[in-house]
>>> print(open('my_file-v5.tsv').read())   # TSV, C-alpha atoms and all ligand atoms
chain	number	residue	atom	x	y	z
A	1078	MET	CA	-70.27	28.44	-15.15
A	1079	SER	CA	-72.83	25.67	-15.69
A	1080	LEU	CA	-71.66	22.08	-15.64
A	1081	GLN	CA	-72.82	21.71	-19.26
A	1082	LYS	CA	-70.63	24.67	-20.36
A	1083	LYS	CA	-67.64	23.25	-18.48
A	1084	TRP	CA	-68.01	19.94	-20.29
A	1085	LYS	CA	-68.38	21.74	-23.62
A	1086	ASP	CA	-65.18	23.76	-22.99
A	1087	LEU	CA	-63.29	20.65	-21.99
A	1088	TYR	CA	-64.55	18.84	-25.11
A	1089	LEU	CA	-63.42	21.75	-27.35
A	1090	GLN	CA	-59.99	21.79	-25.70
A	1091	ILE	CA	-59.55	18.08	-26.42
A	1092	VAL	CA	-60.76	18.44	-30.02
A	1093	ASN	CA	-58.43	21.39	-30.60
A	1094	ARG	CA	-55.49	19.53	-29.10
A	1095	ASN	CA	-56.18	16.53	-31.34
A	1096	ASP	CA	-56.36	18.80	-34.37
A	1097	TYR	CA	-53.06	20.36	-33.33
A	1098	GLN	CA	-51.44	16.95	-32.89
A	1099	LEU	CA	-52.78	15.78	-36.26
A	1100	GLU	CA	-51.42	18.94	-37.86
A	1101	ARG	CA	-48.06	18.39	-36.16
A	1102	ARG	CA	-47.95	14.79	-37.36
A	1103	GLU	CA	-48.82	15.96	-40.88
A	1104	ILE	CA	-45.92	18.45	-40.74
A	1105	MET	CA	-43.55	15.88	-39.23
A	1106	THR	CA	-44.34	13.26	-41.86
A	1107	LYS	CA	-44.47	15.50	-44.93
A	1108	PRO	CA	-43.40	13.69	-48.11
A	1109	LEU	CA	-39.77	14.26	-49.03
A	1110	ILE	CA	-40.26	12.41	-52.29
A	1111	GLU	CA	-43.40	12.03	-54.37
A	1112	LEU	CA	-43.66	10.22	-57.69
A	1113	GLN	CA	-46.89	10.39	-59.62
A	1114	ASN	CA	-47.53	8.14	-62.61
A	1115	VAL	CA	-43.87	8.24	-63.61
A	1116	SER	CA	-42.78	6.32	-66.71
A	1117	PHE	CA	-39.33	6.18	-68.27
A	1118	GLN	CA	-37.53	4.61	-71.21
A	1119	TYR	CA	-33.98	4.60	-72.60
A	1120	GLU	CA	-34.15	4.99	-76.39
A	1121	HIS	CA	-36.53	2.13	-77.19
A	1122	THR	CA	-36.33	0.19	-73.91
A	1123	LYS	CA	-39.22	0.75	-71.52
A	1124	VAL	CA	-37.79	0.61	-68.01
A	1125	LEU	CA	-40.32	2.08	-65.58
A	1126	HIS	CA	-44.06	2.13	-65.94
A	1127	ASN	CA	-46.60	4.19	-64.04
A	1128	ILE	CA	-44.70	4.51	-60.77
A	1129	SER	CA	-46.45	6.30	-57.90
A	1130	PHE	CA	-45.26	6.38	-54.32
A	1131	ARG	CA	-44.22	8.68	-51.50
A	1132	VAL	CA	-41.34	8.65	-49.07
A	1133	SER	CA	-42.04	10.51	-45.83
A	1134	GLU	CA	-39.66	12.22	-43.45
A	1135	GLY	CA	-38.00	9.65	-41.18
A	1136	ASP	CA	-38.67	6.61	-43.40
A	1137	PHE	CA	-35.98	3.99	-43.89
A	1138	LEU	CA	-37.03	2.47	-47.21
A	1139	ALA	CA	-35.46	-0.57	-48.87
A	1140	ILE	CA	-36.05	-0.87	-52.62
A	1141	LEU	CA	-35.96	-4.50	-53.71
A	1142	GLY	CA	-35.90	-5.99	-57.18
A	1143	PRO	CA	-33.86	-8.27	-59.42
A	1144	ASN	CA	-31.11	-6.98	-61.71
A	1145	GLY	CA	-32.50	-4.91	-64.56
A	1146	SER	CA	-35.77	-4.14	-62.71
A	1147	GLY	CA	-35.10	-0.39	-62.89
A	1148	LYS	CA	-33.84	0.36	-59.35
A	1149	SER	CA	-30.86	2.53	-60.36
A	1150	THR	CA	-32.98	4.27	-62.98
A	1151	LEU	CA	-35.59	5.07	-60.33
A	1152	LEU	CA	-32.85	6.65	-58.19
A	1153	LYS	CA	-31.65	8.68	-61.21
A	1154	LEU	CA	-35.19	10.05	-61.64
A	1155	ILE	CA	-35.36	10.97	-57.94
A	1156	LEU	CA	-31.96	12.68	-58.17
A	1157	GLY	CA	-33.03	14.57	-61.30
A	1158	ILE	CA	-30.24	12.97	-63.39
A	1159	ALA	CA	-32.85	11.38	-65.69
A	1160	LYS	CA	-36.10	13.04	-66.80
A	1161	PRO	CA	-39.36	11.07	-66.80
A	1162	LEU	CA	-41.09	10.39	-70.09
A	1163	SER	CA	-44.35	11.19	-68.32
A	1164	GLY	CA	-45.52	11.87	-64.78
A	1165	GLU	CA	-44.01	14.00	-62.06
A	1166	VAL	CA	-41.22	13.71	-59.50
A	1167	LYS	CA	-41.28	16.06	-56.49
A	1168	LEU	CA	-38.56	16.58	-53.91
A	1169	PHE	CA	-39.47	18.32	-50.64
A	1170	GLY	CA	-42.76	19.36	-52.26
A	1171	GLU	CA	-41.08	20.96	-55.29
A	1172	SER	CA	-40.74	19.70	-58.85
A	1173	VAL	CA	-37.34	17.98	-59.19
A	1174	SER	CA	-36.49	20.16	-62.23
A	1175	SER	CA	-36.60	23.37	-60.17
A	1176	PHE	CA	-35.34	21.90	-56.88
A	1177	GLN	CA	-32.38	23.96	-55.63
A	1178	HIS	CA	-31.27	22.37	-52.35
A	1179	ARG	CA	-29.03	19.61	-53.68
A	1180	GLU	CA	-27.13	19.68	-50.36
A	1181	TRP	CA	-30.22	18.23	-48.65
A	1182	ILE	CA	-29.63	14.98	-50.53
A	1183	GLY	CA	-26.64	12.70	-50.03
A	1184	TYR	CA	-25.99	9.99	-52.62
A	1185	VAL	CA	-23.62	7.04	-52.30
A	1186	SER	CA	-23.38	4.56	-55.15
A	1187	GLN	CA	-22.03	1.02	-55.22
A	1188	LYS	CA	-19.08	2.27	-57.25
A	1189	SER	CA	-17.95	4.76	-54.60
A	1190	ASN	CA	-15.68	2.18	-53.02
A	1191	ALA	CA	-13.88	1.14	-56.21
A	1192	PHE	CA	-10.75	3.07	-55.25
A	1193	ASN	CA	-7.32	2.16	-56.47
A	1194	SER	CA	-4.93	1.69	-53.52
A	1195	ALA	CA	-2.63	4.34	-55.01
A	1196	PHE	CA	-5.34	7.02	-55.07
A	1197	PRO	CA	-3.61	10.06	-53.56
A	1198	ALA	CA	-6.17	11.40	-51.07
A	1199	THR	CA	-6.58	11.11	-47.33
A	1200	VAL	CA	-9.87	10.32	-45.60
A	1201	GLU	CA	-9.91	13.92	-44.34
A	1202	GLU	CA	-9.59	15.32	-47.88
A	1203	VAL	CA	-12.31	13.07	-49.26
A	1204	VAL	CA	-14.79	13.99	-46.51
A	1205	LYS	CA	-13.92	17.70	-46.71
A	1206	SER	CA	-14.58	17.70	-50.45
A	1207	GLY	CA	-18.25	17.00	-49.58
A	1208	LEU	CA	-18.47	20.52	-48.18
A	1209	THR	CA	-18.34	22.06	-51.66
A	1210	LYS	CA	-21.90	20.85	-52.16
A	1211	LYS	CA	-23.01	23.06	-49.30
A	1212	ILE	CA	-20.79	26.10	-49.77
A	1213	GLY	CA	-20.21	26.08	-53.57
A	1214	LEU	CA	-17.16	25.05	-55.56
A	1215	PHE	CA	-15.01	28.18	-55.35
A	1216	LYS	CA	-16.00	29.47	-51.92
A	1217	ARG	CA	-13.64	29.37	-48.98
A	1218	MET	CA	-13.86	26.45	-46.55
A	1219	PRO	CA	-15.60	27.41	-43.30
A	1220	LYS	CA	-13.34	27.94	-40.24
A	1221	ASN	CA	-14.80	24.90	-38.50
A	1222	ALA	CA	-14.29	22.62	-41.56
A	1223	ASN	CA	-11.93	20.30	-39.62
A	1224	GLU	CA	-14.46	19.98	-36.81
A	1225	LEU	CA	-17.20	19.15	-39.32
A	1226	VAL	CA	-15.00	16.46	-40.89
A	1227	VAL	CA	-14.38	14.85	-37.47
A	1228	ASP	CA	-18.11	14.98	-36.60
A	1229	ALA	CA	-19.06	13.34	-39.91
A	1230	LEU	CA	-16.41	10.63	-39.42
A	1231	LYS	CA	-17.60	10.03	-35.84
A	1232	ALA	CA	-21.14	9.45	-37.14
A	1233	VAL	CA	-19.85	6.55	-39.25
A	1234	GLY	CA	-17.32	5.27	-36.68
A	1235	MET	CA	-14.26	6.27	-38.75
A	1236	GLU	CA	-12.75	9.18	-36.81
A	1237	GLU	CA	-9.52	7.25	-36.17
A	1238	TYR	CA	-8.85	7.01	-39.91
A	1239	LEU	CA	-8.63	10.76	-40.56
A	1240	ASP	CA	-5.05	10.75	-41.89
A	1241	ARG	CA	-5.20	7.44	-43.74
A	1242	ASN	CA	-5.01	7.10	-47.49
A	1243	ILE	CA	-8.51	6.28	-48.79
A	1244	GLY	CA	-7.18	3.70	-51.25
A	1245	LYS	CA	-5.65	1.64	-48.43
A	1246	LEU	CA	-8.95	1.08	-46.61
A	1247	SER	CA	-11.26	-1.91	-47.01
A	1248	GLY	CA	-14.37	-1.63	-49.21
A	1249	GLY	CA	-16.61	-1.30	-46.15
A	1250	GLN	CA	-14.42	1.41	-44.60
A	1251	GLN	CA	-14.30	3.33	-47.89
A	1252	GLN	CA	-18.09	3.18	-48.10
A	1253	ARG	CA	-18.35	4.61	-44.55
A	1254	VAL	CA	-16.00	7.45	-45.57
A	1255	PHE	CA	-18.26	8.18	-48.55
A	1256	ILE	CA	-21.25	8.30	-46.26
A	1257	ALA	CA	-19.32	10.75	-44.03
A	1258	ARG	CA	-18.63	12.81	-47.18
A	1259	ALA	CA	-22.37	12.88	-47.85
A	1260	LEU	CA	-23.17	13.67	-44.18
A	1261	ILE	CA	-20.93	16.73	-44.00
A	1262	SER	CA	-23.44	18.78	-45.98
A	1263	GLU	CA	-26.08	17.80	-43.37
A	1264	PRO	CA	-28.45	16.01	-45.75
A	1265	LYS	CA	-32.04	15.34	-44.81
A	1266	LEU	CA	-32.17	12.42	-47.22
A	1267	LEU	CA	-29.53	9.77	-47.90
A	1268	ILE	CA	-29.83	7.65	-51.06
A	1269	LEU	CA	-27.68	4.52	-51.24
A	1270	ASP	CA	-27.44	2.28	-54.31
A	1271	GLU	CA	-26.28	-1.19	-53.22
A	1272	PRO	CA	-23.67	0.25	-50.86
A	1273	THR	CA	-22.64	-3.14	-49.48
A	1274	VAL	CA	-21.50	-4.68	-52.76
A	1275	GLY	CA	-18.01	-6.05	-52.06
A	1276	ILE	CA	-18.31	-5.78	-48.26
A	1277	ASP	CA	-17.98	-9.03	-46.32
A	1278	HIS	CA	-20.97	-10.39	-44.40
A	1279	GLU	CA	-19.85	-9.44	-40.84
A	1280	ASN	CA	-19.14	-5.87	-41.85
A	1281	VAL	CA	-22.47	-5.64	-43.69
A	1282	GLN	CA	-24.30	-6.11	-40.36
A	1283	SER	CA	-22.45	-3.28	-38.62
A	1284	PHE	CA	-22.80	-1.13	-41.76
A	1285	TYR	CA	-26.60	-1.46	-41.57
A	1286	ASP	CA	-26.50	-0.77	-37.79
A	1287	MET	CA	-24.69	2.46	-38.57
A	1288	LEU	CA	-27.38	3.41	-41.14
A	1289	ALA	CA	-30.12	2.60	-38.61
A	1290	ARG	CA	-28.42	4.91	-36.09
A	1291	LEU	CA	-28.26	7.76	-38.63
A	1292	ASN	CA	-31.96	7.22	-39.35
A	1293	LYS	CA	-33.01	7.13	-35.68
A	1294	GLU	CA	-30.59	9.53	-33.99
A	1295	GLN	CA	-30.09	12.12	-36.72
A	1296	GLN	CA	-33.56	11.67	-38.26
A	1297	ILE	CA	-32.07	11.22	-41.72
A	1298	THR	CA	-34.52	9.68	-44.18
A	1299	ILE	CA	-32.86	6.78	-45.99
A	1300	ILE	CA	-33.54	5.09	-49.32
A	1301	LEU	CA	-31.51	1.97	-49.82
A	1302	VAL	CA	-31.36	-0.21	-52.93
A	1303	THR	CA	-30.31	-3.62	-51.71
A	1304	HIS	CA	-30.31	-7.36	-52.23
A	1305	ASP	CA	-29.61	-8.01	-48.52
A	1306	VAL	CA	-33.27	-8.06	-47.62
A	1307	ASP	CA	-32.87	-10.53	-44.76
A	1308	THR	CA	-29.90	-8.74	-43.23
A	1309	VAL	CA	-31.42	-5.30	-43.41
A	1310	SER	CA	-34.99	-6.30	-42.57
A	1311	ASN	CA	-35.02	-5.46	-38.85
A	1312	ARG	CA	-33.57	-1.98	-39.46
A	1313	ILE	CA	-35.95	-0.67	-42.14
A	1314	SER	CA	-39.42	0.85	-41.78
A	1315	HIS	CA	-40.68	0.45	-45.37
A	1316	VAL	CA	-40.18	-1.77	-48.41
A	1317	ALA	CA	-40.81	-1.12	-52.09
A	1318	CYS	CA	-40.85	-4.04	-54.54
A	1319	LEU	CA	-39.94	-2.89	-58.02
A	1320	ASN	CA	-39.97	-4.67	-61.33
A	1321	GLN	CA	-40.65	-2.01	-63.98
A	1322	THR	CA	-43.57	-0.95	-61.80
A	1323	ILE	CA	-44.12	-0.81	-58.04
A	1324	HIS	CA	-45.76	-4.07	-57.00
A	1325	PHE	CA	-45.70	-3.23	-53.33
A	1326	HIS	CA	-44.84	-0.19	-51.24
A	1327	GLY	CA	-45.65	-0.15	-47.56
A	1328	TYR	CA	-44.60	-0.90	-44.02
A	1329	LYS	CA	-42.03	-3.62	-43.45
A	1330	LYS	CA	-44.52	-5.57	-41.30
A	1331	ASP	CA	-46.96	-5.68	-44.24
A	1332	PHE	CA	-44.17	-6.84	-46.55
A	1333	ASP	CA	-43.52	-9.74	-44.15
A	1334	SER	CA	-47.04	-11.04	-44.69
A	1335	ILE	CA	-46.61	-11.23	-48.50
A	1336	SER	CA	-46.34	-14.85	-49.57
A	1337	ASP	CA	-43.42	-16.25	-51.55
A	1338	GLU	CA	-45.90	-17.19	-54.31
A	1339	GLN	CA	-46.84	-13.53	-54.63
A	1340	LEU	CA	-43.17	-12.49	-54.79
A	1341	ASN	CA	-42.56	-15.21	-57.35
A	1342	GLY	CA	-45.32	-13.71	-59.48
A	1343	TRP	CA	-43.60	-10.31	-59.43
A	1344	TYR	CA	-40.03	-11.47	-59.82
A	1345	GLY	CA	-39.99	-15.05	-61.09
A	1346	HIS	CA	-38.38	-15.96	-57.72
A	1347	SER	CA	-38.64	-14.78	-54.13
A	1348	VAL	CA	-36.63	-11.63	-53.31
A	1349	ARG	CA	-36.31	-13.04	-49.80
A	1350	LYS	CA	-33.96	-15.56	-51.37
A	1351	ILE	CA	-31.85	-13.15	-53.42
A	1352	HIS	CA	-28.40	-12.93	-51.89
A	1401	LIG	P1	-31.28	-2.25	-61.81
A	1401	LIG	O1	-30.65	-1.12	-61.06
A	1401	LIG	O2	-32.53	-2.75	-61.16
A	1401	LIG	O3	-30.32	-3.39	-62.08
A	1401	LIG	P2	-31.27	-0.44	-64.07
A	1401	LIG	O4	-32.09	0.72	-63.68
A	1401	LIG	O5	-29.79	-0.29	-63.99
A	1401	LIG	O6	-31.76	-1.73	-63.22
A	1401	LIG	O7	-31.62	-0.89	-65.55
A	1401	LIG	C1	-32.95	-1.13	-65.97
A	1401	LIG	C2	-32.94	-1.48	-67.47
A	1401	LIG	O8	-32.49	-0.36	-68.21
A	1401	LIG	C3	-32.01	-2.63	-67.82
A	1401	LIG	O9	-32.63	-3.38	-68.84
A	1401	LIG	C4	-30.77	-1.93	-68.37
A	1401	LIG	O10	-30.13	-2.73	-69.32
A	1401	LIG	C5	-31.37	-0.68	-69.01
A	1401	LIG	N1	-30.42	0.46	-68.96
A	1401	LIG	C6	-29.84	0.96	-67.85
A	1401	LIG	N2	-29.09	2.03	-68.16
A	1401	LIG	C7	-29.21	2.21	-69.49
A	1401	LIG	C8	-28.68	3.17	-70.43
A	1401	LIG	N3	-27.88	4.16	-70.02
A	1401	LIG	N4	-29.02	3.05	-71.73
A	1401	LIG	C9	-29.85	2.07	-72.14
A	1401	LIG	N5	-30.40	1.14	-71.33
A	1401	LIG	C10	-30.09	1.21	-70.02
>>> encode(input="my_file-v5.tsv", output="structure tokens")
Amino acid sequence: MSLQKKWKDLYLQIVNRNDYQLERREIMTKPLIELQNVSFQYEHTKVLHNISFRVSEGDFLAILGPNGSGKSTLLKLILGIAKPLSGEVKLFGESVSSFQHREWIGYVSQKSNAFNSAFPATVEEVVKSGLTKKIGLFKRMPKNANELVVDALKAVGMEEYLDRNIGKLSGGQQQRVFIARALISEPKLLILDEPTVGIDHENVQSFYDMLARLNKEQQITIILVTHDVDTVSNRISHVACLNQTIHFHGYKKDFDSISDEQLNGWYGHSVRKIH
């Protein structure tokens, strides 16, 4: 074989390998959520205007914005609870209206932890109830249901609370149990709407550490609506700034270089100072 041919073969091998790696990266970072020109209004109130962005597999996205900026409504559109006035929402590449795999998405709201102390359910029962999403309401529990409950509780550091009454736990512990309930159906995407409301500052830190572990170790994509931008900032990969429209969506490091004047222009004050 001539030297020229050898070089050509070697060159082709490298090019092919690069193509393969690019293809792999494309597959690995496929969009789990895509919004294209989405607008929404309640009756006569315009809430969201021309929203377009993507969330890729493995992202840990914080959605920031003042009260009334449309954060919860945006989550409702992603979950298919609200229908856009115009534009399109896709989940896992499929239109949200025909999307079937609800068990791939775990949702925990800020109200999840508003349990009365007399609520008659144990942690085990609450977490196990999350299995119905995966197996259907009237199907029999799988034989390894107890094992699945323990695994989900371990992932949120709550395995020792299995037999406790949910109503007797602190707000932060209840929120962890609700995340375990979401995790039991093995979601690929976890959506959390201000999950730390009512949790004290020290527990908020460890709560976000737990979310970062789920994102890194179990490769769960996370969307988090939060006001704790400073506390969460070293755990997230992306930030979206919302106020009726998306003013910024990008890497956390690019968010850091946005000036307070710019944020003031979007929000009337800096979100970095919202606590
Ligand atoms: P955020 O989560 O950022 O606080 P929301 O999405 O809850 O904002 O609300 C955005 C706007 O929509 C607010 O002005 C709110 O009053 C209004 N809104 C929210 N829910 C409803 C509803 N069910 N009916 C009418 N208006 C609503």
>>> atom_distance(input="my_file-v5.tsv", atom1="atom CA of Val1226 of chain A", atom2="atom CA of Ser1149 of chain A")
28.7 Å
>>> closest_residue(input="my_file-v5.tsv", among="A:Val1302, A:Lys1231, A:Ser1247, A:Leu1266", to="Cys1318 of chain A", atoms="only C-alpha atoms")
A:Val1302
>>> residues_near_ligand(input="my_file-v5.tsv", ligand="ligand LIG 1401 (chain A)", cutoff="12 Å", atoms="all atoms listed in the file", output="PyMOL selection string")
chain A and resi 1117-1126+1140-1154+1158-1159+1186-1187+1269-1271+1301-1304+1318-1322+1344
>>> residues_around(input="my_file-v5.tsv", residues="Glu1202 of chain A", least_positions_apart="2", cutoff="10 Å", atoms="all atoms listed in the file", output="number ranges by chain")
A: 1197-1200, 1204-1207, 1223, 1226, 1239-1243, 1258
>>> atom_distance(input="my_file-v5.tsv", atom1="atom CA of Leu1260 of chain A", atom2="atom CA of Val1173 of chain A")
21.1 Å
>>> closest_residue(input="my_file-v5.tsv", among="A:Asn1221, A:Gln1339, A:Ser1262, A:Gln1252", to="Thr1209 of chain A", atoms="all atoms listed in the file")
A:Ser1262
>>> atom_distance(input="my_file-v5.tsv", atom1="atom CA of Phe1255 of chain A", atom2="atom CA of Val1185 of chain A")
6.6 Å
>>> closest_residue(input="my_file-v5.tsv", among="A:Lys1220, A:Gln1282, A:Pro1108, A:Ser1314", to="Ser1133 of chain A", atoms="only C-alpha atoms")
A:Pro1108
>>> residues_around(input="my_file-v5.tsv", residues="segment 1162-1172 of chain A", least_positions_apart="4", cutoff="6 Å", atoms="all atoms listed in the file", output="VMD selection string")
chain A and resid 1109 to 1117
>>> closest_residue(input="my_file-v5.tsv", among="A:Glu1263, A:Asp1277, A:Glu1134, A:Asp1228", to="Gly1248 of chain A", atoms="all atoms listed in the file")
A:Asp1277
>>> decode(input="my_file-v5.tsv", residues="segment 1275-1307 of chain A", atoms="N, CA and C atoms", output="mmCIF file, in the first residue's frame")
data_model
loop_
_atom_site.group_PDB
_atom_site.id
_atom_site.type_symbol
_atom_site.label_atom_id
_atom_site.label_comp_id
_atom_site.auth_asym_id
_atom_site.auth_seq_id
_atom_site.Cartn_x
_atom_site.Cartn_y
_atom_site.Cartn_z
ATOM 1 N N GLY A 1275 -41.098 27.114 52.160
ATOM 2 C CA GLY A 1275 -41.391 26.590 53.496
ATOM 3 C C GLY A 1275 -40.290 25.716 54.087
ATOM 4 N N ILE A 1276 -39.185 25.529 53.344
ATOM 5 C CA ILE A 1276 -38.079 24.736 53.894
ATOM 6 C C ILE A 1276 -37.017 25.711 54.410
ATOM 7 N N ASP A 1277 -36.457 25.417 55.619
ATOM 8 C CA ASP A 1277 -35.499 26.385 56.153
ATOM 9 C C ASP A 1277 -34.161 26.332 55.400
ATOM 10 N N HIS A 1278 -33.397 27.421 55.521
ATOM 11 C CA HIS A 1278 -32.239 27.659 54.669
ATOM 12 C C HIS A 1278 -31.237 26.499 54.660
ATOM 13 N N GLU A 1279 -30.898 25.953 55.860
ATOM 14 C CA GLU A 1279 -29.899 24.866 55.899
ATOM 15 C C GLU A 1279 -30.380 23.646 55.129
ATOM 16 N N ASN A 1280 -31.658 23.335 55.264
ATOM 17 C CA ASN A 1280 -32.181 22.161 54.564
ATOM 18 C C ASN A 1280 -32.321 22.403 53.063
ATOM 19 N N VAL A 1281 -32.461 23.679 52.672
ATOM 20 C CA VAL A 1281 -32.546 23.995 51.242
ATOM 21 C C VAL A 1281 -31.247 23.577 50.544
ATOM 22 N N GLN A 1282 -30.103 23.855 51.187
ATOM 23 C CA GLN A 1282 -28.802 23.493 50.603
ATOM 24 C C GLN A 1282 -28.718 21.988 50.324
ATOM 25 N N SER A 1283 -29.060 21.188 51.345
ATOM 26 C CA SER A 1283 -28.921 19.740 51.156
ATOM 27 C C SER A 1283 -29.995 19.220 50.193
ATOM 28 N N PHE A 1284 -31.129 19.923 50.135
ATOM 29 C CA PHE A 1284 -32.177 19.549 49.176
ATOM 30 C C PHE A 1284 -31.649 19.706 47.735
ATOM 31 N N TYR A 1285 -30.970 20.847 47.491
ATOM 32 C CA TYR A 1285 -30.420 21.071 46.147
ATOM 33 C C TYR A 1285 -29.259 20.108 45.849
ATOM 34 N N ASP A 1286 -28.487 19.747 46.886
ATOM 35 C CA ASP A 1286 -27.415 18.747 46.680
ATOM 36 C C ASP A 1286 -28.025 17.430 46.209
ATOM 37 N N MET A 1287 -29.146 17.077 46.846
ATOM 38 C CA MET A 1287 -29.819 15.825 46.487
ATOM 39 C C MET A 1287 -30.284 15.888 45.019
ATOM 40 N N LEU A 1288 -30.849 17.038 44.606
ATOM 41 C CA LEU A 1288 -31.291 17.180 43.207
ATOM 42 C C LEU A 1288 -30.088 17.069 42.255
ATOM 43 N N ALA A 1289 -28.971 17.697 42.647
ATOM 44 C CA ALA A 1289 -27.771 17.649 41.793
ATOM 45 C C ALA A 1289 -27.287 16.211 41.636
ATOM 46 N N ARG A 1290 -27.399 15.420 42.723
ATOM 47 C CA ARG A 1290 -26.992 14.005 42.644
ATOM 48 C C ARG A 1290 -27.901 13.238 41.686
ATOM 49 N N LEU A 1291 -29.208 13.497 41.768
ATOM 50 C CA LEU A 1291 -30.151 12.796 40.874
ATOM 51 C C LEU A 1291 -29.836 13.142 39.422
ATOM 52 N N ASN A 1292 -29.481 14.408 39.189
ATOM 53 C CA ASN A 1292 -29.161 14.869 37.844
ATOM 54 C C ASN A 1292 -27.873 14.202 37.342
ATOM 55 N N LYS A 1293 -26.850 14.145 38.182
ATOM 56 C CA LYS A 1293 -25.545 13.632 37.752
ATOM 57 C C LYS A 1293 -25.509 12.111 37.736
ATOM 58 N N GLU A 1294 -25.964 11.492 38.855
ATOM 59 C CA GLU A 1294 -25.786 10.045 38.996
ATOM 60 C C GLU A 1294 -26.868 9.251 38.274
ATOM 61 N N GLN A 1295 -28.095 9.767 38.269
ATOM 62 C CA GLN A 1295 -29.163 9.005 37.602
ATOM 63 C C GLN A 1295 -29.532 9.621 36.254
ATOM 64 N N GLN A 1296 -28.777 10.627 35.835
ATOM 65 C CA GLN A 1296 -28.998 11.309 34.549
ATOM 66 C C GLN A 1296 -30.451 11.756 34.359
ATOM 67 N N ILE A 1297 -31.061 12.225 35.446
ATOM 68 C CA ILE A 1297 -32.433 12.735 35.326
ATOM 69 C C ILE A 1297 -32.358 14.218 34.955
ATOM 70 N N THR A 1298 -33.037 14.586 33.889
ATOM 71 C CA THR A 1298 -33.108 15.984 33.473
ATOM 72 C C THR A 1298 -34.027 16.705 34.463
ATOM 73 N N ILE A 1299 -33.618 17.895 34.895
ATOM 74 C CA ILE A 1299 -34.410 18.587 35.916
ATOM 75 C C ILE A 1299 -34.775 20.003 35.454
ATOM 76 N N ILE A 1300 -36.046 20.347 35.651
ATOM 77 C CA ILE A 1300 -36.485 21.733 35.463
ATOM 78 C C ILE A 1300 -36.993 22.208 36.821
ATOM 79 N N LEU A 1301 -36.422 23.310 37.267
ATOM 80 C CA LEU A 1301 -36.716 23.791 38.602
ATOM 81 C C LEU A 1301 -37.135 25.252 38.538
ATOM 82 N N VAL A 1302 -38.371 25.548 38.991
ATOM 83 C CA VAL A 1302 -38.777 26.941 39.142
ATOM 84 C C VAL A 1302 -38.361 27.361 40.537
ATOM 85 N N THR A 1303 -37.596 28.428 40.631
ATOM 86 C CA THR A 1303 -37.055 28.791 41.939
ATOM 87 C C THR A 1303 -36.813 30.284 42.086
ATOM 88 N N HIS A 1304 -36.781 30.725 43.337
ATOM 89 C CA HIS A 1304 -36.323 32.082 43.647
ATOM 90 C C HIS A 1304 -34.935 32.031 44.284
ATOM 91 N N ASP A 1305 -34.474 30.795 44.624
ATOM 92 C CA ASP A 1305 -33.183 30.664 45.323
ATOM 93 C C ASP A 1305 -32.031 30.672 44.338
ATOM 94 N N VAL A 1306 -31.955 31.672 43.481
ATOM 95 C CA VAL A 1306 -30.961 31.583 42.416
ATOM 96 C C VAL A 1306 -29.533 31.498 42.944
ATOM 97 N N ASP A 1307 -29.224 32.203 44.012
ATOM 98 C CA ASP A 1307 -27.858 32.145 44.550
ATOM 99 C C ASP A 1307 -27.545 30.771 45.123
#
